[in-house]
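Notes follow once the structure below has been shown.
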Amino acid sequence: MNILVCVKRVPAPGAKINVTEDGLSVDSAHLGFTTSPHEECALEEAVQISERDGGEVTVLTLGPVEAEEQLRYGASVGAHHIILVPTDGSAWDPQRTAAALTTAIEQAEQANGQPFDLILFGNESADSGGFQVGVRVALKLGRPSVNAIKGIDPGDGSVIARREIDGGFEVYEVPTPAVLGIKEGINLPRYPTMKGRLASKKATLETAEIAAEPGGQALIRLHRPPEQASTTEILGTDETAAVRIVDILEEIGVLA
Amino acid sequence: MSDFPTSAKVVVIGAGIVGNCLVGHLARLGWTDIVLIEKGPLPNPGGSTGHASNFIFPVDHNKEMALLGVQSANQYRDMNLSVDSGGIEVARTQERMNELDRRMTSAMAWGVPAEMLTPAEVKELVPFINDEVILGGFHCPTVSVVDSLETGTVMRKEAQDKAGLQVFANTEVLDLITEDDPVPGMSQIKAVVTDKGTIEAEYVAIACGVWSNRIANMADTYIPLVPAVHQMADVGPMDVLVETNNEIGYPIVRDMDTFCYERQSAGSMEVGSYGHRAILHHPDEIPSNEEAALSPTEMPFTQDDFDPQMETAIELMDMLGDAEIKYAINGLLSLTPDAMPCLGELPDVRNLWSAAAVWVKEGPGMAQVVAEWMTYGYPRVIDPHASDISRFYPDELSDEHIWARADEHFIKTYGIVHPSEQWESRRGLKESSLKAITDAAGAEYFTARVWERPHWYTSNADLVERYGLSEREVEWDNRWWSPIIDAEHLNLRENAGMVDLTAFQIFDLEGPGAVAFAEYLSVNKVDKAVGTSTYTPWLTPDGGFHSDLTMLRLGEEHIRVVTGAFDGGRDEAWIKKYMPTDGSVTFTNHTEDYVTIGLWGPNAPAILAQLTDADLSHEGSPYGSVRSVTVAGVDVDIFRISYVGDTGWEIYIPWNDAPAVWEAIASAGADHGLRPCGAGVYAVGGRIEKGYRLMGAELESEYNPVEAGLARPKVKAADFIGKQAYLAAREAGPDAVMCTFAVEDHTDSAGRQRFIQAGNAPILTNDGERITDSHGRVSVVTTAGNAPSYGKYLCLGYLPTDQAEIGNTFKVMYMNELFPVTVVATTGSAFDPDDSRLKG
């Protein structure tokens, strides 16, 4: 089973994200970059399937040239091929992104002489969170698509895909080739090993220059959410704190 | 906030390992009313302490770093916050094996247990190492791993309990308030402005790690350090490590030739690198705690820089290759222009102190240094002259300088650095007006801090053959050396030599209080007739050496201080710290107003006589006298003195007239065998055979003039800094005595002739045992060099008094081999002990 995983270069989480003065982009001065967590899980799932059942894994990203870092990361954890669809570094809207990705996928499949059995997206990106690109690509390619997937069992000519819902799972049998949106939690992605990292440096970076028209969705302004005020109360440093602790446990309903 | 203090005796800024240990040591020394301010949260504010690898290799060639490393390791041990993991430096090349032999020698000097291991022996201790890629290892069982964050907490708590320390975390310093000081060019610290309020403070200490200079800038002063990246990756887990069930169960391995270390951290291995390009940051590029994904000083990992190190790490330990990289950072630490810390009072802001550019491995010891300095006027635990922040000249206090030097020396962190190694970057900062002339004579320049000094002249190469000299057999001994030095030396003794001494630091003290103030600084009497000079120590309050220099009485109210280029900054700061604030003394730095030319040798009087009508006889120009005369039509001061042991003068010439005077002397000396002569003779060969002491080598604050053989028969009536301690030292007699040793046999075990390079080679008993005096001070070589006129290779060093007798034999360890030496002089000179040549 050959699998394509589409990933996105996003700021590493954990830090306060500053917005540039014009309000149109994220100030990356202090930021490291990573792959969206859902996509890390998609990649891990693809690599596990290929390790178990054979087939090859390709990682593709659309982004600035620096996104090669995320592709090499993919290679370092087991992807066989890496493809960059370079942009000028500006943010592309979902329609434009989907259009370019679709063309890139078609080109890759043409070169391979066969379609990818599975195309995996993260359920949504970690930065803009539009939930759109995977669905739009599936529509353009005319392939079935299911989102929020937390389990995949490959079969012959189809896959079983599970989506978590309240109290259980929805189970889909999806004919391949298909497009799935993967959710974090499907697995625990591995870290690259040193040898994996060194091997990734030897992976051949394929580049697909693709022009695509903007889709009409424009970013007007980024706002930082209001700071969440939190207060810390020191309940005491000796046994006298016990009374206050009991009060609070009662307040929050832990103690009746 | 109502409980925020409005005043304090001392405010310490920064609660990393240094600031915490500083408040702890201040409390131990009896200080109270201390406030500790930290911008970040506690216990881990986000500075370099929080991500340090926390291990201490207690061996260093540098005395300050080695002894403060040991001192720090012991402080961590005393708090039970330390584990002796042991450590091994492995060598992949023969050159590194030689360096490990040198490490063995330094371990012996500083009393650190160590042994050399074969590859198989390394593998016994570290079973997962690939012993096929190494030639051997240097094993140090007392390498320790410490808990620097908890140590900080414990020290802070101690200060809270002992001294009522007040601690304010999450408090940002916004400004430092200073006031003008009566001494021109100086200010004094008054208050610290924070986002919680302003604290008036008598003392302020900056212990802000990579941010230190940003804070110093608030007081219009400068701490020369740059935040630099040290990359570290945590890989694992690995069964062999997990099975130890320990934070650290295997020795730390330093893979010196690849500039990496492997340090177990529970089930994982931390692989750290000093092998990547120097990655430097401006403090303003460091994110705040909020903006940082991990912490401000754990910056995003730049993987490409680390890749080459991973390949070599896997070569050494194959298991690393299959382990996952769980955590990897570009960790920030502090680098300075000369790879030494920045300790002490800022020379231009009274009572503002720096405790910066200190790593975890020296943190507690260096905090103790600063605390003692603030308490006693100078530290007691060690002489920190090489870490003293006042050592820097203005040319060293710029981003351009720090970045260039840090860029150059980062790769030397695990490098093999020759004791005489010269900088490549930022040369030519200070050059003599003689430069064109010395260039033409083929000068090879060495630096004395910012100053360029001719070390020898290739135009004298012909003298090598004349005196039958040759290169040294082993490249290491020959590096940064030339037989031309010895040839210039012999020619000076036979004929005459002319030395460019432009790097002399020349300070004038003038005014009605000048002489009294000069007396207060000096052990020896300065208040003598106009036209005389005084060679004198300046002591610390405890009676050890702070400085060793010459003072000239140029007028009734005019004293000129002449000191060496390595000490100009420290001596200027010492003057300004103590000079009267009533305006009775003015200070002027004349270093760049005068060029000094040294002219010495038996033919020196005949040469100079051709250029002046002045009386150059011992009556007209007696030893130690200063005379204003005309030489070659230029008004100069001639100072009859010698640091090389032959008769002659230091000639002080107005800066722009110096080339003409040099050329005139050269012409006059043409028929007298005069040659230019470099600092190789002036600073080493000439002085060592005369036993002349050098500040920073023989003379340190740990020793007093009685021990150095520089005590005069009587003590002057006037008071001076360190007088009480000096009187007590005279009463007690010396505990150690400075001696000159001759090397009796240079042959090593391979049959090669070796020549001890200066740099703390231990002086041992004939049985190879370390020698310490009753103060615990160890006998090491303070200067080593050839003495061509004496005919032997000499070393200087202290011996306990009862062993300091001419004819006693010892061994000097060099490159982990023992060479026999004999004491040939104690207080006097090996060569011409009667000083007959000075009288010529």
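Residues are referred to by chain and number: the chain letter is A, B, ... according to the order shown in the structure tokens, the number counts from 1 in that chain, and ligands are numbered separately from 1 in the order shown.
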
Which residues of chain B are close to chain A, meaning at most 12 Å apart when you count only C-alpha atoms, and how do they look as a CSV table (one decimal) with N, CA and C atoms, in the first residue's frame?
chain,number,residue,atom,x,y,z
B,233,ALA,N,21.6,17.3,22.6
B,233,ALA,CA,20.4,16.5,22.3
B,233,ALA,C,20.3,15.3,23.3
B,234,ASP,N,19.1,15.1,23.7
B,234,ASP,CA,18.9,14.0,24.7
B,234,ASP,C,18.3,12.8,23.8
B,235,VAL,N,19.0,11.7,23.8
B,235,VAL,CA,18.6,10.6,23.0
B,235,VAL,C,18.4,9.3,23.9
B,236,GLY,N,17.3,8.6,23.6
B,236,GLY,CA,17.1,7.4,24.4
B,236,GLY,C,15.6,6.9,24.2
B,237,PRO,N,15.2,6.0,25.1
B,237,PRO,CA,16.0,5.4,26.1
B,237,PRO,C,16.8,4.2,25.6
B,238,MET,N,17.8,3.9,26.3
B,238,MET,CA,18.7,2.7,26.0
B,238,MET,C,18.7,1.8,27.1
B,271,VAL,N,23.9,14.2,24.5
B,271,VAL,CA,25.0,14.3,23.6
B,271,VAL,C,25.2,15.8,23.4
B,281,HIS,N,24.3,35.2,19.7
B,281,HIS,CA,23.1,36.0,19.7
B,281,HIS,C,23.3,37.3,20.5
B,284,ASP,N,19.1,40.9,23.1
B,284,ASP,CA,17.8,41.3,22.7
B,284,ASP,C,17.1,40.2,21.8
B,285,GLU,N,17.9,39.3,21.3
B,285,GLU,CA,17.3,38.2,20.5
B,285,GLU,C,16.7,37.1,21.3
B,286,ILE,N,17.0,37.1,22.6
B,286,ILE,CA,16.6,36.0,23.5
B,286,ILE,C,15.2,36.3,23.8
B,287,PRO,N,14.3,35.3,23.6
B,287,PRO,CA,12.9,35.5,23.9
B,287,PRO,C,12.6,35.6,25.4
B,288,SER,N,11.5,36.2,25.8
B,288,SER,CA,11.1,36.2,27.2
B,288,SER,C,10.6,34.8,27.6
B,289,ASN,N,10.4,34.6,28.8
B,289,ASN,CA,9.8,33.3,29.3
B,289,ASN,C,8.6,33.0,28.6
B,290,GLU,N,7.7,34.0,28.3
B,290,GLU,CA,6.4,33.8,27.7
B,290,GLU,C,6.6,33.4,26.2
B,291,GLU,N,7.6,34.0,25.6
B,291,GLU,CA,7.8,33.8,24.2
B,291,GLU,C,8.6,32.6,23.8
B,292,ALA,N,9.1,31.9,24.9
B,292,ALA,CA,10.0,30.8,24.6
B,292,ALA,C,9.2,29.5,24.8
B,293,ALA,N,9.3,28.6,23.8
B,293,ALA,CA,8.6,27.3,23.8
B,293,ALA,C,9.1,26.5,25.0
B,294,LEU,N,10.4,26.5,25.3
B,294,LEU,CA,11.0,25.7,26.4
B,294,LEU,C,11.3,26.7,27.5
B,295,SER,N,12.5,27.3,27.3
B,295,SER,CA,12.9,28.4,28.2
B,295,SER,C,13.6,29.4,27.4
B,296,PRO,N,13.8,30.6,27.9
B,296,PRO,CA,14.5,31.6,27.0
B,296,PRO,C,15.9,31.2,26.5
B,297,THR,N,16.6,30.4,27.3
B,297,THR,CA,17.9,30.0,26.9
B,297,THR,C,18.0,28.7,26.3
B,298,GLU,N,16.8,28.1,26.0
B,298,GLU,CA,16.8,26.8,25.3
B,298,GLU,C,16.1,27.2,23.9
B,299,MET,N,16.9,27.6,23.0
B,299,MET,CA,16.4,28.1,21.7
B,299,MET,C,16.2,27.0,20.8
B,300,PRO,N,15.4,27.3,19.7
B,300,PRO,CA,15.1,26.2,18.8
B,300,PRO,C,16.4,25.6,18.2
B,301,PHE,N,16.3,24.3,18.2
B,301,PHE,CA,17.5,23.5,17.7
B,301,PHE,C,17.7,23.7,16.2
B,302,THR,N,18.9,24.0,15.9
B,302,THR,CA,19.3,24.1,14.4
B,302,THR,C,20.0,22.8,14.0
B,303,GLN,N,19.2,21.9,13.5
B,303,GLN,CA,19.6,20.5,13.3
B,303,GLN,C,20.8,20.4,12.4
B,304,ASP,N,20.9,21.2,11.4
B,304,ASP,CA,22.0,21.1,10.4
B,304,ASP,C,23.3,21.2,11.1
B,306,PHE,N,24.1,20.3,13.9
B,306,PHE,CA,24.4,19.1,14.8
B,306,PHE,C,24.7,17.8,14.1
B,307,ASP,N,24.3,17.8,12.8
B,307,ASP,CA,24.5,16.5,12.1
B,307,ASP,C,25.9,15.9,12.0
B,308,PRO,N,26.9,16.7,11.8
B,308,PRO,CA,28.2,16.1,11.8
B,308,PRO,C,28.6,15.5,13.1
B,309,GLN,N,28.2,16.1,14.2
B,309,GLN,CA,28.5,15.6,15.5
B,309,GLN,C,27.8,14.3,15.8
B,310,MET,N,26.5,14.1,15.2
B,310,MET,CA,25.8,12.9,15.4
B,310,MET,C,26.6,11.7,14.7
B,311,GLU,N,27.2,12.0,13.5
B,311,GLU,CA,27.9,10.9,12.9
B,311,GLU,C,29.1,10.5,13.7
B,312,THR,N,29.8,11.4,14.3
B,312,THR,CA,31.0,11.0,15.1
B,312,THR,C,30.5,10.4,16.4
B,313,ALA,N,29.4,10.9,16.9
B,313,ALA,CA,28.9,10.3,18.2
B,313,ALA,C,28.6,8.8,18.0
B,314,ILE,N,27.9,8.5,16.8
B,314,ILE,CA,27.5,7.1,16.5
B,314,ILE,C,28.8,6.3,16.3
B,315,GLU,N,29.8,6.9,15.7
B,315,GLU,CA,31.1,6.1,15.6
B,315,GLU,C,31.6,5.6,16.9
B,317,MET,N,29.8,5.5,19.9
B,317,MET,CA,28.8,4.6,20.6
B,317,MET,C,27.7,4.3,19.6
B,318,ASP,N,27.8,3.1,19.0
B,318,ASP,CA,26.8,2.7,18.0
B,318,ASP,C,25.4,2.8,18.5
B,319,MET,N,25.2,2.5,19.8
B,319,MET,CA,23.8,2.4,20.3
B,319,MET,C,23.1,3.8,20.2
B,320,LEU,N,23.8,4.8,20.1
B,320,LEU,CA,23.2,6.2,20.0
B,320,LEU,C,22.4,6.3,18.7
B,321,GLY,N,22.9,5.6,17.7
B,321,GLY,CA,22.3,5.8,16.4
B,321,GLY,C,20.8,5.3,16.3
B,322,ASP,N,20.5,4.3,17.1
B,322,ASP,CA,19.1,3.8,17.1
B,322,ASP,C,18.2,4.4,18.2
B,323,ALA,N,18.8,5.2,19.0
B,323,ALA,CA,18.0,5.9,20.0
B,323,ALA,C,17.3,7.1,19.5
B,324,GLU,N,16.1,7.4,20.1
B,324,GLU,CA,15.3,8.5,19.5
B,324,GLU,C,15.8,9.8,20.1
B,325,ILE,N,15.8,10.8,19.3
B,325,ILE,CA,16.2,12.2,19.8
B,325,ILE,C,14.9,12.8,20.4
B,326,LYS,N,14.8,12.8,21.7
B,326,LYS,CA,13.6,13.2,22.4
B,326,LYS,C,13.5,14.7,22.6
B,327,TYR,N,14.7,15.3,22.8
B,327,TYR,CA,14.8,16.7,23.2
B,327,TYR,C,16.1,17.2,22.7
B,328,ALA,N,16.1,18.3,22.0
B,328,ALA,CA,17.3,18.9,21.5
B,328,ALA,C,17.2,20.4,21.5
B,329,ILE,N,18.3,21.1,22.0
B,329,ILE,CA,18.2,22.5,22.1
B,329,ILE,C,19.4,23.2,21.6
B,330,ASN,N,19.3,24.4,21.3
B,330,ASN,CA,20.4,25.3,21.1
B,330,ASN,C,20.5,26.1,22.5

Extract the full set of strand (DSSP E) residues from range 106-229 of chain A according to DSSP on the backbone, and format it as a compact mmCIF listing (two decimals) with N, CA and C atoms, in the first residue's frame.
# COMPACT_ATOMS: atom_id res chain seq x y z
N LEU A 118 -3.66 5.56 -0.36
CA LEU A 118 -4.24 6.42 0.67
C LEU A 118 -3.53 7.78 0.62
N ILE A 119 -4.32 8.83 0.79
CA ILE A 119 -3.74 10.16 1.01
C ILE A 119 -4.21 10.60 2.40
N LEU A 120 -3.22 10.84 3.27
CA LEU A 120 -3.56 11.22 4.64
C LEU A 120 -3.28 12.70 4.86
N PHE A 121 -4.26 13.36 5.47
CA PHE A 121 -4.07 14.75 5.94
C PHE A 121 -4.21 14.74 7.46
N GLY A 122 -3.71 15.77 8.08
CA GLY A 122 -4.11 16.01 9.45
C GLY A 122 -5.53 16.51 9.44
N SER A 145 -13.71 10.48 1.14
CA SER A 145 -12.95 11.16 2.17
C SER A 145 -13.68 11.05 3.50
N VAL A 146 -12.96 10.71 4.55
CA VAL A 146 -13.53 10.70 5.90
C VAL A 146 -12.56 11.43 6.82
N ASN A 147 -13.10 12.23 7.72
CA ASN A 147 -12.26 13.00 8.63
C ASN A 147 -12.32 12.46 10.06
N ALA A 148 -11.45 13.04 10.88
CA ALA A 148 -11.41 12.74 12.32
C ALA A 148 -11.18 11.26 12.58
N ILE A 149 -10.22 10.72 11.84
CA ILE A 149 -9.98 9.28 11.91
C ILE A 149 -8.97 8.95 13.01
N LYS A 150 -9.34 7.95 13.82
CA LYS A 150 -8.43 7.53 14.89
C LYS A 150 -8.10 6.06 14.81
N GLY A 151 -8.34 5.45 13.65
CA GLY A 151 -7.93 4.06 13.49
C GLY A 151 -8.02 3.67 12.03
N ILE A 152 -7.03 2.96 11.52
CA ILE A 152 -7.05 2.51 10.12
C ILE A 152 -6.66 1.03 10.09
N ASP A 153 -7.48 0.24 9.41
CA ASP A 153 -7.10 -1.15 9.13
C ASP A 153 -7.12 -1.32 7.62
N PRO A 154 -5.96 -1.44 7.00
CA PRO A 154 -5.92 -1.58 5.54
C PRO A 154 -6.50 -2.93 5.12
N SER A 158 -9.81 -1.64 -0.05
CA SER A 158 -10.52 -0.71 0.83
C SER A 158 -9.78 -0.62 2.15
N VAL A 159 -10.15 0.34 2.95
CA VAL A 159 -9.64 0.40 4.32
C VAL A 159 -10.81 0.56 5.27
N ILE A 160 -10.59 0.07 6.47
CA ILE A 160 -11.54 0.33 7.55
C ILE A 160 -11.01 1.55 8.31
N ALA A 161 -11.81 2.57 8.43
CA ALA A 161 -11.39 3.78 9.13
C ALA A 161 -12.35 4.05 10.27
N ARG A 162 -11.79 4.34 11.45
CA ARG A 162 -12.65 4.54 12.62
C ARG A 162 -12.59 5.99 13.08
N ARG A 163 -13.76 6.53 13.34
CA ARG A 163 -13.86 7.90 13.84
C ARG A 163 -14.43 7.86 15.24
N GLU A 164 -13.79 8.54 16.14
CA GLU A 164 -14.22 8.52 17.54
C GLU A 164 -15.42 9.45 17.73
N ILE A 165 -16.44 8.98 18.38
CA ILE A 165 -17.57 9.83 18.73
C ILE A 165 -17.85 9.63 20.22
N GLY A 168 -18.09 5.98 21.67
CA GLY A 168 -17.75 4.85 20.79
C GLY A 168 -17.11 5.30 19.51
N PHE A 169 -17.19 4.48 18.50
CA PHE A 169 -16.58 4.78 17.22
C PHE A 169 -17.60 4.63 16.09
N GLU A 170 -17.48 5.46 15.12
CA GLU A 170 -18.11 5.20 13.84
C GLU A 170 -17.10 4.48 12.98
N VAL A 171 -17.53 3.42 12.31
CA VAL A 171 -16.59 2.63 11.51
C VAL A 171 -16.98 2.73 10.04
N TYR A 172 -16.05 3.12 9.20
CA TYR A 172 -16.30 3.28 7.76
C TYR A 172 -15.46 2.29 6.99
N GLU A 173 -16.05 1.71 5.98
CA GLU A 173 -15.25 0.97 5.02
C GLU A 173 -15.13 1.86 3.80
N VAL A 174 -13.93 2.23 3.47
CA VAL A 174 -13.71 3.22 2.42
C VAL A 174 -12.96 2.57 1.26
N PRO A 175 -13.52 2.61 0.07
CA PRO A 175 -12.78 2.02 -1.06
C PRO A 175 -11.56 2.88 -1.38
N ALA A 178 -8.29 6.58 -1.45
CA ALA A 178 -9.15 7.39 -0.58
C ALA A 178 -8.33 8.45 0.13
N VAL A 179 -9.06 9.39 0.71
CA VAL A 179 -8.42 10.48 1.46
C VAL A 179 -8.96 10.44 2.89
N LEU A 180 -8.04 10.44 3.88
CA LEU A 180 -8.46 10.42 5.27
C LEU A 180 -7.86 11.60 6.02
N GLY A 181 -8.68 12.19 6.92
CA GLY A 181 -8.17 13.22 7.83
C GLY A 181 -7.91 12.58 9.18
N ILE A 182 -6.66 12.62 9.63
CA ILE A 182 -6.24 11.87 10.82
C ILE A 182 -6.23 12.77 12.04
N LEU A 205 15.12 15.41 -2.50
CA LEU A 205 13.99 16.33 -2.41
C LEU A 205 13.47 16.59 -3.83
N GLU A 206 12.20 16.18 -4.06
CA GLU A 206 11.56 16.52 -5.34
C GLU A 206 10.81 17.83 -5.14
N THR A 207 10.88 18.65 -6.17
CA THR A 207 10.21 19.93 -6.08
C THR A 207 9.20 20.04 -7.22

When DSSP is applied to the backbone of this structure, which of range 91-231 of chain A are assigned helix (DSSP H, G or I)? Write them out as a PDB file with C-alpha atoms, in the first residue's frame.
ATOM      1  CA  PRO A  94      -7.432  26.746   1.362  1.00  0.00           C
ATOM      2  CA  GLN A  95      -8.774  26.813  -2.217  1.00  0.00           C
ATOM      3  CA  ARG A  96      -5.444  27.816  -3.652  1.00  0.00           C
ATOM      4  CA  THR A  97      -3.606  25.323  -1.491  1.00  0.00           C
ATOM      5  CA  ALA A  98      -5.981  22.523  -2.413  1.00  0.00           C
ATOM      6  CA  ALA A  99      -5.705  23.350  -6.110  1.00  0.00           C
ATOM      7  CA  ALA A 100      -1.933  23.278  -6.035  1.00  0.00           C
ATOM      8  CA  LEU A 101      -1.817  20.112  -3.954  1.00  0.00           C
ATOM      9  CA  THR A 102      -4.237  18.373  -6.312  1.00  0.00           C
ATOM     10  CA  THR A 103      -2.039  19.192  -9.276  1.00  0.00           C
ATOM     11  CA  ALA A 104       1.060  18.068  -7.419  1.00  0.00           C
ATOM     12  CA  ILE A 105      -0.599  14.790  -6.433  1.00  0.00           C
ATOM     13  CA  GLU A 106      -1.741  14.163  -9.981  1.00  0.00           C
ATOM     14  CA  GLN A 107       1.770  14.785 -11.245  1.00  0.00           C
ATOM     15  CA  ALA A 108       3.258  12.436  -8.669  1.00  0.00           C
ATOM     16  CA  GLU A 109       0.747   9.720  -9.412  1.00  0.00           C
ATOM     17  CA  GLN A 110       1.388  10.107 -13.102  1.00  0.00           C
ATOM     18  CA  ALA A 111       5.093   9.710 -12.500  1.00  0.00           C
ATOM     19  CA  ASN A 112       4.451   6.670 -10.317  1.00  0.00           C
ATOM     20  CA  VAL A 133      -7.741  21.379   2.464  1.00  0.00           C
ATOM     21  CA  GLY A 134      -8.085  17.610   2.769  1.00  0.00           C
ATOM     22  CA  VAL A 135     -11.758  17.661   1.865  1.00  0.00           C
ATOM     23  CA  ARG A 136     -11.194  19.991  -1.096  1.00  0.00           C
ATOM     24  CA  VAL A 137      -8.376  17.816  -2.464  1.00  0.00           C
ATOM     25  CA  ALA A 138     -10.543  14.695  -2.127  1.00  0.00           C
ATOM     26  CA  LEU A 139     -13.348  16.428  -3.974  1.00  0.00           C
ATOM     27  CA  LYS A 140     -11.068  17.548  -6.774  1.00  0.00           C
ATOM     28  CA  LEU A 141      -9.586  14.064  -7.100  1.00  0.00           C
ATOM     29  CA  MET A 194      20.137   9.773  14.972  1.00  0.00           C
ATOM     30  CA  LYS A 195      20.587   7.265  12.181  1.00  0.00           C
ATOM     31  CA  GLY A 196      17.175   8.182  10.799  1.00  0.00           C
ATOM     32  CA  ARG A 197      18.121  11.836  10.821  1.00  0.00           C
ATOM     33  CA  LEU A 198      21.383  11.161   9.012  1.00  0.00           C
ATOM     34  CA  ALA A 199      19.611   8.987   6.450  1.00  0.00           C
ATOM     35  CA  SER A 200      17.044  11.730   5.878  1.00  0.00           C
TER      36      SER A 200
END

Near-Pro283 in chain B list (12 Å; only C-alpha atoms; drop same-chain fewer than 4 positions) as a PyMOL selection string: chain B and resi 47+208-215+217+224-228+287-288+296-297+332-334+399

Any idea what's packed within 7 Å of Gln166 in chain B, counting only C-alpha atoms, ignoring anything in its chain fewer than 2 positions away? Could you give it as a VMD selection string? chain B and resid 34 to 36 160 164 168

Same residues, N, CA and C atoms, saved as an mmCIF file, in the first residue's frame:
data_model
loop_
_atom_site.group_PDB
_atom_site.id
_atom_site.type_symbol
_atom_site.label_atom_id
_atom_site.label_comp_id
_atom_site.auth_asym_id
_atom_site.auth_seq_id
_atom_site.Cartn_x
_atom_site.Cartn_y
_atom_site.Cartn_z
ATOM 1 N N ILE B 34 19.981 41.981 52.424
ATOM 2 C CA ILE B 34 20.247 41.587 51.037
ATOM 3 C C ILE B 34 18.911 41.335 50.337
ATOM 4 N N VAL B 35 18.816 41.807 49.115
ATOM 5 C CA VAL B 35 17.629 41.541 48.303
ATOM 6 C C VAL B 35 18.073 40.842 47.014
ATOM 7 N N LEU B 36 17.365 39.781 46.670
ATOM 8 C CA LEU B 36 17.645 39.047 45.427
ATOM 9 C C LEU B 36 16.463 39.238 44.487
ATOM 10 N N GLN B 160 18.355 33.276 53.382
ATOM 11 C CA GLN B 160 17.102 33.703 54.016
ATOM 12 C C GLN B 160 17.166 33.447 55.527
ATOM 13 N N GLY B 164 18.286 36.954 56.570
ATOM 14 C CA GLY B 164 17.002 37.575 56.259
ATOM 15 C C GLY B 164 16.871 38.024 54.822
ATOM 16 N N PHE B 168 12.665 38.257 45.431
ATOM 17 C CA PHE B 168 11.546 38.681 44.589
ATOM 18 C C PHE B 168 11.714 38.100 43.195
#

Nearest to His746 in chain B among B:Leu818, B:Met116, B:Ala717, B:Ala725, with distances taken over only C-alpha atoms: which residue is it? B:Leu818

May I have the residues within 7 Å of range 138-149 of chain B as a compact mmCIF listing (two decimals) with C-alpha atoms, in the first residue's frame, using only C-alpha atoms and disregarding those fewer than 6 positions away in the same chain?
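The resulting file, result_30.txt, is shown below:
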# COMPACT_ATOMS: atom_id res chain seq x y z
CA ILE B 17 23.52 29.36 40.14
CA PRO B 43 13.32 27.76 41.11
CA ASN B 44 14.13 27.75 37.39
CA THR B 49 21.48 27.17 34.85
CA GLY B 50 18.16 25.55 33.99
CA ASN B 54 25.67 20.03 35.25
CA PHE B 55 28.90 18.10 35.18
CA ILE B 56 32.28 19.22 36.44
CA PHE B 57 35.56 18.08 34.98
CA PRO B 58 37.91 19.40 37.65
CA TYR B 76 28.19 20.92 45.70
CA LEU B 81 23.89 17.71 45.70
CA SER B 82 26.59 15.99 43.72
CA VAL B 83 27.46 12.50 42.50
CA ASP B 84 30.95 11.45 41.49
CA SER B 85 30.27 9.79 38.17
CA GLY B 86 33.85 9.89 36.99
CA GLY B 87 34.72 11.03 33.53
CA ILE B 88 36.95 10.02 30.66
CA GLU B 89 38.38 12.19 27.93
CA VAL B 90 39.10 9.96 24.97
CA LEU B 100 45.87 14.04 27.52
CA PRO B 113 43.26 12.08 40.90
CA ALA B 114 43.66 10.93 37.30
CA GLU B 115 45.05 8.10 35.22
CA MET B 116 45.65 7.28 31.59
CA LEU B 117 43.68 4.34 30.23
CA VAL B 360 27.69 25.88 36.51

Quick one: residues within 9 Å of Ala784 in chain B, only C-alpha atoms, excluding same-chain residues fewer than 4 positions away - as a count of residues only? 12

To one decimal place, how far is CA of Arg472 in chain B from CA of Arg102 in chain B in Å?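 That distance, rounded to one decimal, is 18.4 Å.
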
Using CA of Leu611 in chain B and CA of Glu494 in chain B as the two end points, give the distance in Å to one decimal. 21.1 Å

Can you pull out every residue within 9 Å of Leu62 in chain A, counting only C-alpha atoms, but drop anything in the same chain fewer than 5 positions away, and send it as a PyMOL selection string? chain A and resi 6-9+67+83-87+97+100-101
